[in-house]
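J.: The following file, entry.cif, comprises mmCIF, C-alpha atoms and all ligand atoms:
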data_my_file
loop_
_atom_site.label_atom_id
_atom_site.label_comp_id
_atom_site.auth_asym_id
_atom_site.auth_seq_id
_atom_site.Cartn_x
_atom_site.Cartn_y
_atom_site.Cartn_z
CA MET A 1 0.00 0.00 0.00
CA ALA A 2 1.33 3.43 -0.94
CA GLU A 3 2.71 5.32 2.01
CA TYR A 4 3.24 8.43 -0.11
CA ALA A 5 1.00 10.95 -1.78
CA VAL A 6 2.18 12.01 -5.22
CA LEU A 7 1.73 15.77 -5.48
CA ASN A 8 0.85 17.60 -8.69
CA THR A 9 4.56 18.49 -8.94
CA GLY A 10 5.41 14.78 -9.21
CA ALA A 11 7.06 14.81 -5.76
CA SER A 12 6.28 12.11 -3.20
CA MET A 13 5.14 13.22 0.22
CA PRO A 14 4.99 10.69 3.09
CA LEU A 15 1.33 10.32 4.06
CA VAL A 16 2.09 10.59 7.77
CA GLY A 17 4.09 13.58 8.92
CA LEU A 18 4.98 14.89 12.34
CA GLY A 19 3.29 18.14 13.39
CA THR A 20 5.54 20.35 15.51
CA ALA A 21 3.22 23.08 16.82
CA SER A 22 3.06 23.28 20.59
CA ASP A 23 1.28 25.19 23.32
CA GLY A 24 4.73 25.87 24.78
CA ALA A 25 4.23 23.58 27.77
CA LEU A 26 7.18 21.36 26.84
CA PRO A 27 10.68 22.91 27.09
CA LEU A 28 12.47 23.42 23.75
CA GLU A 29 15.17 20.84 24.51
CA GLN A 30 12.55 18.17 25.12
CA ARG A 31 10.75 19.11 21.92
CA LYS A 32 14.01 18.80 20.01
CA ALA A 33 14.72 15.40 21.62
CA ALA A 34 11.22 14.31 20.61
CA ILE A 35 11.87 15.29 16.99
CA SER A 36 15.15 13.32 17.06
CA ALA A 37 13.19 10.35 18.40
CA ALA A 38 10.70 10.78 15.54
CA ILE A 39 13.51 10.57 12.98
CA GLU A 40 14.79 7.48 14.75
CA VAL A 41 11.40 5.72 14.62
CA GLY A 42 10.99 6.48 10.91
CA TYR A 43 9.30 9.87 10.41
CA ARG A 44 10.54 11.56 7.24
CA HIS A 45 7.85 14.23 6.81
CA PHE A 46 7.94 17.20 9.20
CA ASP A 47 5.53 20.11 9.39
CA THR A 48 6.52 23.43 10.90
CA ALA A 49 5.73 27.15 10.54
CA LYS A 50 7.35 30.41 11.50
CA VAL A 51 4.62 30.96 14.05
CA TYR A 52 5.11 27.56 15.77
CA ASN A 53 8.55 28.54 16.98
CA SER A 54 9.76 25.08 16.04
CA GLU A 55 11.78 25.75 12.88
CA GLY A 56 15.01 26.17 14.85
CA LEU A 57 14.73 23.00 16.88
CA LEU A 58 13.51 20.99 13.89
CA GLY A 59 16.50 22.31 11.91
CA GLU A 60 18.92 21.28 14.65
CA ALA A 61 17.42 17.80 14.98
CA LEU A 62 17.48 17.27 11.20
CA LYS A 63 21.04 18.54 10.89
CA GLU A 64 22.27 16.24 13.65
CA ALA A 65 20.53 13.26 12.03
CA MET A 66 21.97 14.10 8.60
CA GLU A 67 25.47 14.57 10.04
CA ALA A 68 25.18 11.26 11.87
CA GLY A 69 24.27 9.66 8.52
CA SER A 70 20.91 8.37 9.77
CA VAL A 71 18.97 10.28 7.14
CA LYS A 72 19.63 12.06 3.84
CA ARG A 73 18.11 15.39 2.81
CA GLU A 74 16.48 13.84 -0.26
CA ASP A 75 14.61 11.38 1.95
CA LEU A 76 13.09 14.18 4.03
CA PHE A 77 9.94 16.17 3.29
CA VAL A 78 9.92 19.49 5.15
CA THR A 79 7.00 21.92 5.10
CA SER A 80 6.92 25.41 6.55
CA LYS A 81 4.43 28.26 6.32
CA LEU A 82 4.41 31.94 5.50
CA TRP A 83 3.07 33.78 8.54
CA CYS A 84 0.37 36.39 7.95
CA THR A 85 2.59 39.38 8.83
CA ASP A 86 4.82 38.36 5.88
CA ALA A 87 1.95 37.58 3.52
CA TYR A 88 2.53 40.33 0.95
CA PRO A 89 4.58 40.23 -2.25
CA GLU A 90 7.81 41.78 -0.90
CA GLY A 91 7.49 39.88 2.39
CA VAL A 92 7.68 36.40 0.90
CA LEU A 93 11.34 35.99 -0.05
CA PRO A 94 12.79 37.41 3.21
CA ALA A 95 10.37 35.26 5.25
CA LEU A 96 11.30 32.13 3.31
CA ARG A 97 15.01 32.93 3.71
CA ASN A 98 14.50 33.30 7.48
CA SER A 99 12.69 29.97 7.65
CA LEU A 100 15.43 28.26 5.63
CA SER A 101 18.07 29.77 7.85
CA ALA A 102 16.29 28.63 11.05
CA LEU A 103 15.86 25.18 9.53
CA GLN A 104 19.49 25.13 8.27
CA LEU A 105 18.23 23.93 4.89
CA ASP A 106 18.89 25.07 1.29
CA TYR A 107 15.34 24.38 0.18
CA LEU A 108 11.91 23.48 1.52
CA ASP A 109 9.81 20.70 0.05
CA LEU A 110 6.64 22.71 0.56
CA TYR A 111 5.85 26.29 1.58
CA LEU A 112 2.27 27.26 2.41
CA ILE A 113 0.38 30.53 2.87
CA HIS A 114 -0.66 29.93 6.48
CA TRP A 115 -4.06 31.71 6.47
CA PRO A 116 -5.95 33.64 3.77
CA ILE A 117 -5.25 37.00 5.39
CA ARG A 118 -2.46 39.52 5.91
CA LEU A 119 -1.70 40.90 9.37
CA LYS A 120 0.06 44.16 10.15
CA GLU A 121 3.69 43.89 11.18
CA GLY A 122 3.95 43.07 14.89
CA ALA A 123 0.49 41.46 15.14
CA VAL A 124 0.33 38.33 17.28
CA LEU A 125 -1.96 35.31 17.25
CA LYS A 126 -4.95 37.30 18.48
CA PRO A 127 -4.71 40.40 16.28
CA LYS A 128 -6.53 43.67 16.93
CA PRO A 129 -9.17 44.68 14.34
CA ASP A 130 -6.93 47.35 12.80
CA GLU A 131 -4.21 44.75 12.24
CA LEU A 132 -6.39 42.63 9.92
CA MET A 133 -5.67 43.28 6.23
CA ALA A 134 -6.78 41.81 2.93
CA LEU A 135 -4.33 39.34 1.41
CA ASP A 136 -3.05 40.28 -2.05
CA LEU A 137 -3.37 36.67 -3.12
CA GLN A 138 -2.20 37.11 -6.70
CA GLY A 139 0.85 39.22 -5.79
CA THR A 140 1.79 36.94 -2.90
CA TRP A 141 1.37 33.86 -5.09
CA ARG A 142 3.59 35.37 -7.79
CA ALA A 143 6.28 35.90 -5.15
CA LEU A 144 5.94 32.27 -4.05
CA GLU A 145 6.20 31.15 -7.68
CA ALA A 146 9.43 33.12 -7.96
CA CYS A 147 10.78 31.19 -4.95
CA VAL A 148 10.08 27.91 -6.77
CA LYS A 149 11.88 29.23 -9.84
CA GLN A 150 14.87 30.16 -7.64
CA GLY A 151 15.00 26.60 -6.28
CA LEU A 152 14.31 27.69 -2.70
CA VAL A 153 11.16 25.61 -2.47
CA ARG A 154 10.01 22.57 -4.47
CA ALA A 155 6.25 23.05 -4.10
CA ILE A 156 3.93 25.80 -2.90
CA GLY A 157 0.45 25.67 -1.47
CA VAL A 158 -2.03 27.11 0.97
CA SER A 159 -3.52 26.38 4.34
CA ASN A 160 -7.00 27.07 5.70
CA PHE A 161 -8.39 27.93 2.26
CA SER A 162 -12.06 27.33 1.42
CA SER A 163 -13.16 25.81 -1.90
CA LYS A 164 -13.97 29.30 -3.19
CA LYS A 165 -10.54 30.65 -2.30
CA ILE A 166 -8.84 27.65 -3.94
CA MET A 167 -10.84 28.29 -7.12
CA GLU A 168 -9.86 31.98 -7.08
CA LEU A 169 -6.21 31.01 -6.81
CA LEU A 170 -6.50 28.51 -9.67
CA GLU A 171 -7.71 31.31 -11.96
CA PHE A 172 -4.28 32.90 -12.10
CA ALA A 173 -1.80 30.40 -10.68
CA GLU A 174 1.05 29.63 -13.11
CA ILE A 175 2.38 27.09 -10.63
CA LEU A 176 -0.55 25.19 -9.16
CA PRO A 177 -0.99 24.95 -5.41
CA ALA A 178 0.21 21.43 -4.52
CA VAL A 179 -1.48 21.22 -1.12
CA ASN A 180 -4.28 22.77 0.94
CA GLN A 181 -3.57 22.01 4.61
CA VAL A 182 -6.71 22.28 6.71
CA GLU A 183 -8.22 21.16 9.99
CA MET A 184 -9.69 17.74 9.35
CA HIS A 185 -10.75 14.88 11.62
CA PRO A 186 -13.96 12.89 12.19
CA LYS A 187 -15.55 15.94 13.88
CA TRP A 188 -14.69 18.19 10.93
CA GLN A 189 -14.79 16.04 7.84
CA GLN A 190 -14.41 18.65 5.08
CA ARG A 191 -16.40 16.70 2.49
CA LEU A 192 -17.05 19.60 0.09
CA LEU A 193 -13.51 20.93 0.30
CA ARG A 194 -12.06 17.47 -0.35
CA GLU A 195 -14.24 17.16 -3.46
CA THR A 196 -13.13 20.56 -4.77
CA CYS A 197 -9.47 19.83 -4.13
CA LYS A 198 -9.68 16.39 -5.71
CA LYS A 199 -11.15 17.84 -8.90
CA ALA A 200 -8.45 20.54 -8.92
CA ASN A 201 -5.64 18.01 -8.28
CA VAL A 202 -4.71 19.79 -5.03
CA HIS A 203 -3.72 17.36 -2.29
CA VAL A 204 -5.42 17.85 1.09
CA SER A 205 -3.36 17.50 4.24
CA ALA A 206 -5.04 17.27 7.65
CA TRP A 207 -3.77 19.36 10.51
CA SER A 208 -4.91 18.35 13.97
CA PRO A 209 -6.03 14.98 12.59
CA LEU A 210 -6.66 13.67 16.13
CA GLY A 211 -8.57 16.80 17.15
CA ALA A 212 -5.75 17.94 19.47
CA PRO A 213 -7.01 15.91 22.45
CA LEU A 214 -4.71 17.43 25.07
CA MET A 215 -4.47 20.97 23.76
CA SER A 216 -6.39 23.96 25.08
CA TRP A 217 -7.81 24.60 21.58
CA GLY A 218 -8.70 20.97 20.90
CA THR A 219 -11.01 18.26 22.17
CA PRO A 220 -10.61 14.75 23.61
CA GLU A 221 -14.09 13.95 22.25
CA ILE A 222 -12.79 12.35 19.05
CA LEU A 223 -10.50 9.76 20.61
CA ASN A 224 -13.13 9.18 23.31
CA ASN A 225 -16.02 8.90 20.86
CA PRO A 226 -17.84 5.56 21.37
CA ILE A 227 -18.07 4.97 17.59
CA ILE A 228 -14.30 5.41 17.21
CA LYS A 229 -13.60 3.30 20.31
CA ASP A 230 -15.84 0.51 19.00
CA ILE A 231 -14.18 0.47 15.60
CA ALA A 232 -10.76 0.45 17.30
CA LEU A 233 -11.78 -2.55 19.36
CA ASN A 234 -13.02 -4.41 16.27
CA HIS A 235 -9.73 -3.85 14.43
CA SER A 236 -7.52 -4.30 17.53
CA LYS A 237 -6.15 -0.80 16.99
CA ALA A 238 -5.87 2.31 19.13
CA PRO A 239 -8.52 5.03 18.64
CA ALA A 240 -5.82 7.37 17.26
CA GLN A 241 -4.92 4.78 14.62
CA VAL A 242 -8.56 4.51 13.57
CA VAL A 243 -8.85 8.27 13.27
CA LEU A 244 -5.65 8.54 11.22
CA ARG A 245 -6.64 5.58 9.02
CA TRP A 246 -9.98 7.31 8.42
CA GLY A 247 -8.08 10.31 7.03
CA LEU A 248 -5.81 8.14 4.88
CA ASP A 249 -8.75 6.13 3.54
CA ASN A 250 -10.22 9.46 2.47
CA GLY A 251 -7.13 10.28 0.42
CA VAL A 252 -5.56 12.90 2.67
CA SER A 253 -2.19 12.97 4.39
CA VAL A 254 -2.14 13.40 8.17
CA ILE A 255 0.24 15.31 10.40
CA PRO A 256 -0.41 14.26 13.99
CA LYS A 257 1.61 16.04 16.68
CA SER A 258 3.21 13.99 19.36
CA PHE A 259 6.22 14.53 21.56
CA ASN A 260 5.88 11.06 23.03
CA LYS A 261 7.85 8.24 21.38
CA LYS A 262 5.28 5.51 22.04
CA ARG A 263 2.48 7.59 20.51
CA MET A 264 4.69 8.62 17.57
CA VAL A 265 5.25 4.95 16.78
CA GLU A 266 1.53 4.28 17.14
CA ASN A 267 0.66 7.13 14.77
CA LEU A 268 3.08 5.90 12.11
CA ASP A 269 1.80 2.34 12.31
CA VAL A 270 -1.36 2.90 10.28
CA PHE A 271 -0.64 1.04 7.06
CA GLY A 272 -1.59 -2.40 5.74
CA TRP A 273 -5.28 -2.27 6.73
CA HIS A 274 -8.44 -0.26 6.02
CA LEU A 275 -11.64 0.71 7.73
CA THR A 276 -14.71 -1.09 6.36
CA ASP A 277 -17.50 0.70 4.48
CA LYS A 278 -19.61 0.24 7.59
CA ASP A 279 -16.91 1.92 9.72
CA HIS A 280 -16.87 4.84 7.30
CA GLN A 281 -20.63 5.07 7.37
CA SER A 282 -20.68 5.17 11.17
CA ILE A 283 -17.96 7.84 11.30
CA SER A 284 -19.79 9.97 8.73
CA GLY A 285 -22.64 10.32 11.23
CA ILE A 286 -20.49 11.96 13.91
CA GLU A 287 -21.70 15.44 14.82
CA GLN A 288 -19.57 18.15 13.23
CA LYS A 289 -17.74 20.92 15.05
CA LYS A 290 -14.57 22.71 14.04
CA ASN A 291 -11.99 23.26 16.81
CA ILE A 292 -10.32 26.40 15.47
CA ASP A 293 -12.98 28.42 13.74
CA GLY A 294 -10.73 31.36 12.81
CA SER A 295 -12.90 33.92 14.61
CA PHE A 296 -9.69 35.66 15.71
CA LEU A 297 -9.36 36.73 12.06
CA CYS A 298 -12.88 38.19 11.78
CA SER A 299 -14.01 41.65 12.83
CA LEU A 300 -17.16 43.66 12.32
CA VAL A 301 -15.05 46.82 12.58
CA SER A 302 -12.34 46.29 9.96
CA GLY A 303 -10.38 43.73 7.95
CA PRO A 304 -11.39 41.49 5.06
CA TYR A 305 -13.70 39.12 6.98
CA ARG A 306 -16.65 40.39 8.99
CA THR A 307 -17.95 36.92 9.84
CA LEU A 308 -16.96 33.25 9.81
CA GLU A 309 -19.26 32.93 6.79
CA ASP A 310 -16.94 35.36 4.93
CA LEU A 311 -13.77 33.60 6.09
CA TRP A 312 -14.91 30.11 5.11
CA ASP A 313 -17.22 31.12 2.24
CA GLY A 314 -20.08 29.15 3.68
CA GLU A 315 -18.05 26.02 4.47
CA PHE A 316 -18.64 26.35 8.17
P1 LIG B 1 1.56 13.85 23.11
O1 LIG B 1 2.50 14.82 22.50
O2 LIG B 1 1.71 13.75 24.59
O3 LIG B 1 1.57 12.51 22.41
P2 LIG B 1 -3.31 16.73 16.97
O4 LIG B 1 -2.23 16.13 16.13
O5 LIG B 1 -4.67 16.36 16.53
O6 LIG B 1 -3.16 18.23 17.08
O7 LIG B 1 -3.17 16.15 18.45
C1 LIG B 1 -1.99 16.34 19.17
C2 LIG B 1 -2.20 15.95 20.60
O8 LIG B 1 -2.60 14.57 20.63
C3 LIG B 1 -0.98 16.06 21.46
O9 LIG B 1 -1.37 16.65 22.68
C4 LIG B 1 -0.51 14.64 21.65
O10 LIG B 1 0.05 14.44 22.92
C5 LIG B 1 -1.78 13.82 21.51
N1 LIG B 1 -1.54 12.56 20.83
C6 LIG B 1 -0.73 12.33 19.78
N2 LIG B 1 -0.79 11.06 19.39
C7 LIG B 1 -1.66 10.45 20.21
C8 LIG B 1 -2.14 9.10 20.32
N3 LIG B 1 -1.71 8.16 19.48
N4 LIG B 1 -3.04 8.83 21.30
C9 LIG B 1 -3.47 9.80 22.14
N5 LIG B 1 -3.06 11.07 22.10
C10 LIG B 1 -2.15 11.41 21.14
#
Here is the file; what I need is its structure written in the form of structure tokens.

T.:
Amino acid sequence: MAEYAVLNTGASMPLVGLGTASDGALPLEQRKAAISAAIEVGYRHFDTAKVYNSEGLLGEALKEAMEAGSVKREDLFVTSKLWCTDAYPEGVLPALRNSLSALQLDYLDLYLIHWPIRLKEGAVLKPKPDELMALDLQGTWRALEACVKQGLVRAIGVSNFSSKKIMELLEFAEILPAVNQVEMHPKWQQRLLRETCKKANVHVSAWSPLGAPLMSWGTPEILNNPIIKDIALNHSKAPAQVVLRWGLDNGVSVIPKSFNKKRMVENLDVFGWHLTDKDHQSISGIEQKKNIDGSFLCSLVSGPYRTLEDLWDGEF
């Protein structure tokens, strides 16, 4: 069974990657050690972003592993993301160079526009209304395309884009978006978006594929859901493996976060079996609720999105 997704660039992306965002509870050294452990147990796909504050420690862990000869650059797939304060045409190249420098890499495998919005310089995760700005999507995309042409990044894409925003981008993209990385798990199944992306040959990647059970922004309800627990029991798998397999069966890649070696191994061990049609049917009945709705990017006072309806173009 394929353990890679083939992107519209022709590149292979491992279907399970390690997410590296954190709520900051774990000290940096321990996070770095966890990433080294992930390399050791077989992870080759790593997902970071400027705003996660994990590019530096991921870079160190990758460099050490490459120097020790345990992994080669060409076997790795590294994704990072353009933060919203840099999401304007002239901001792209310097931001990418900073990410590459923190990661100690010559190129990224994938670089994504993190959210469909620009934020004023200095804005933090909960921006003030006057810090919310419209994204110049075409200009920013052109700058990303130039980064591909310079060899600084092998593929470009987006994150948290609705079907409508993907279609807008496709109208002018000279280099197609390879990936749309979005929140997706059994409580937020993204059926319409997956259809749109499939037709457009844009691969969907699931962030928070377990629903972030231990995080302040997430919910333990997915791994504790009786339907999921039942299916897990029937297949002699852990609930997390069922949830990840559900994503893979639906054609998406998954990037679960874990800083615990046992759970990292568990999350990677999701190949060689499938959920049944009946399992899929049961999961499709789970009540839907998005964890991160993006309301911190909406304002009735100013900015491009007054409501969640505007931000997600009805897909909410
Ligand atoms: P930990 O780092 O202690 O393993 P998501 O990827 O959906 O955002 O979820 C990440 C959260 O899920 C982390 O808090 C992580 O904790 C926890 N987690 C990761 N893998 C598993 C697993 N296999 N079973 C239970 N919890 C998990």

J.: In Å, how far is it from CA of Ala25 (chain A) to CA of Lys128 (chain A)?

T.: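 These two atoms are separated by 25.2 Å.
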
J.: Could you tell me how far CA of Gly294 (chain A) sits from CA of Asn160 (chain A), in Å to one decimal place?

T.: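 Going from CA of Asn160 (chain A) over to CA of Gly294 (chain A), I get 9.1 Å.
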
J.: So, with only C-alpha atoms as the atoms that count, which of A:Asn201, A:Asp277, A:Thr140, A:Ala87 lies closest to Met167 (chain A)?

T.: A:Asn201

J.: State, in Å with one decimal place, the distance from atom C7 of ligand LIG 1 (chain B) to CA of Gly285 (chain A).

T.: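 Value for the atom C7 of ligand LIG 1 (chain B)-CA of Gly285 (chain A) distance: 22.8 Å.
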
J.: Between A:Ser295, A:Ser80, A:Gln241, A:Ser70, which residue has the minimum interatomic distance to Val16 (chain A), considering only C-alpha atoms?

T.: A:Gln241

J.: Around ligand LIG 1 (chain B), at most 7 Å away and counting all atoms listed in the file, which residues are there? Put them as a PDB file with C-alpha atoms, keeping the file's coordinate frame, please.

T.:
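Saved the output as result-v7.pdb:
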ATOM      1  CA  GLY A  19       3.290  18.140  13.390  1.00  0.00           C
ATOM      2  CA  TRP A 207      -3.770  19.360  10.510  1.00  0.00           C
ATOM      3  CA  SER A 208      -4.910  18.350  13.970  1.00  0.00           C
ATOM      4  CA  PRO A 209      -6.030  14.980  12.590  1.00  0.00           C
ATOM      5  CA  LEU A 210      -6.660  13.670  16.130  1.00  0.00           C
ATOM      6  CA  GLY A 211      -8.570  16.800  17.150  1.00  0.00           C
ATOM      7  CA  ALA A 212      -5.750  17.940  19.470  1.00  0.00           C
ATOM      8  CA  PRO A 213      -7.010  15.910  22.450  1.00  0.00           C
ATOM      9  CA  LEU A 214      -4.710  17.430  25.070  1.00  0.00           C
ATOM     10  CA  MET A 215      -4.470  20.970  23.760  1.00  0.00           C
ATOM     11  CA  ALA A 240      -5.820   7.370  17.260  1.00  0.00           C
ATOM     12  CA  GLN A 241      -4.920   4.780  14.620  1.00  0.00           C
ATOM     13  CA  ILE A 255       0.240  15.310  10.400  1.00  0.00           C
ATOM     14  CA  PRO A 256      -0.410  14.260  13.990  1.00  0.00           C
ATOM     15  CA  LYS A 257       1.610  16.040  16.680  1.00  0.00           C
ATOM     16  CA  SER A 258       3.210  13.990  19.360  1.00  0.00           C
ATOM     17  CA  PHE A 259       6.220  14.530  21.560  1.00  0.00           C
ATOM     18  CA  ASN A 260       5.880  11.060  23.030  1.00  0.00           C
ATOM     19  CA  ARG A 263       2.480   7.590  20.510  1.00  0.00           C
ATOM     20  CA  MET A 264       4.690   8.620  17.570  1.00  0.00           C
ATOM     21  CA  GLU A 266       1.530   4.280  17.140  1.00  0.00           C
ATOM     22  CA  ASN A 267       0.660   7.130  14.770  1.00  0.00           C
TER      23      ASN A 267
END

J.: Counting all atoms listed in the file, which residue out of A:Ile175, A:Ala200, A:Val71, A:Cys298 sits closest to Cys147 (chain A)?

T.: A:Ile175

J.: Here is a test: counting all atoms listed in the file, which residue of A:Asn8, A:Thr196, A:Thr85, A:Ser101 is nearest to Gly122 (chain A)?

T.: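 Smallest distance to Gly122 (chain A) is found for A:Thr85.
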
J.: The residues within 10 Å of (-6.6, 6.1, 16.1), using all atoms listed in the file and the coordinates of the file, should be reported as an MDAnalysis selection string; which are they?

T.: chainID A and resid 209:210 222:223 228:229 231:232 237:246 266:267 269:270

J.: Using only C-alpha atoms for the distances, tell me which of A:Val252, A:Ile286, A:Leu57, A:Leu300 is nearest to Ile227 (chain A).

T.: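 Of A:Val252, A:Ile286, A:Leu57, A:Leu300, the one nearest Ile227 (chain A), counting only C-alpha atoms, is A:Ile286.
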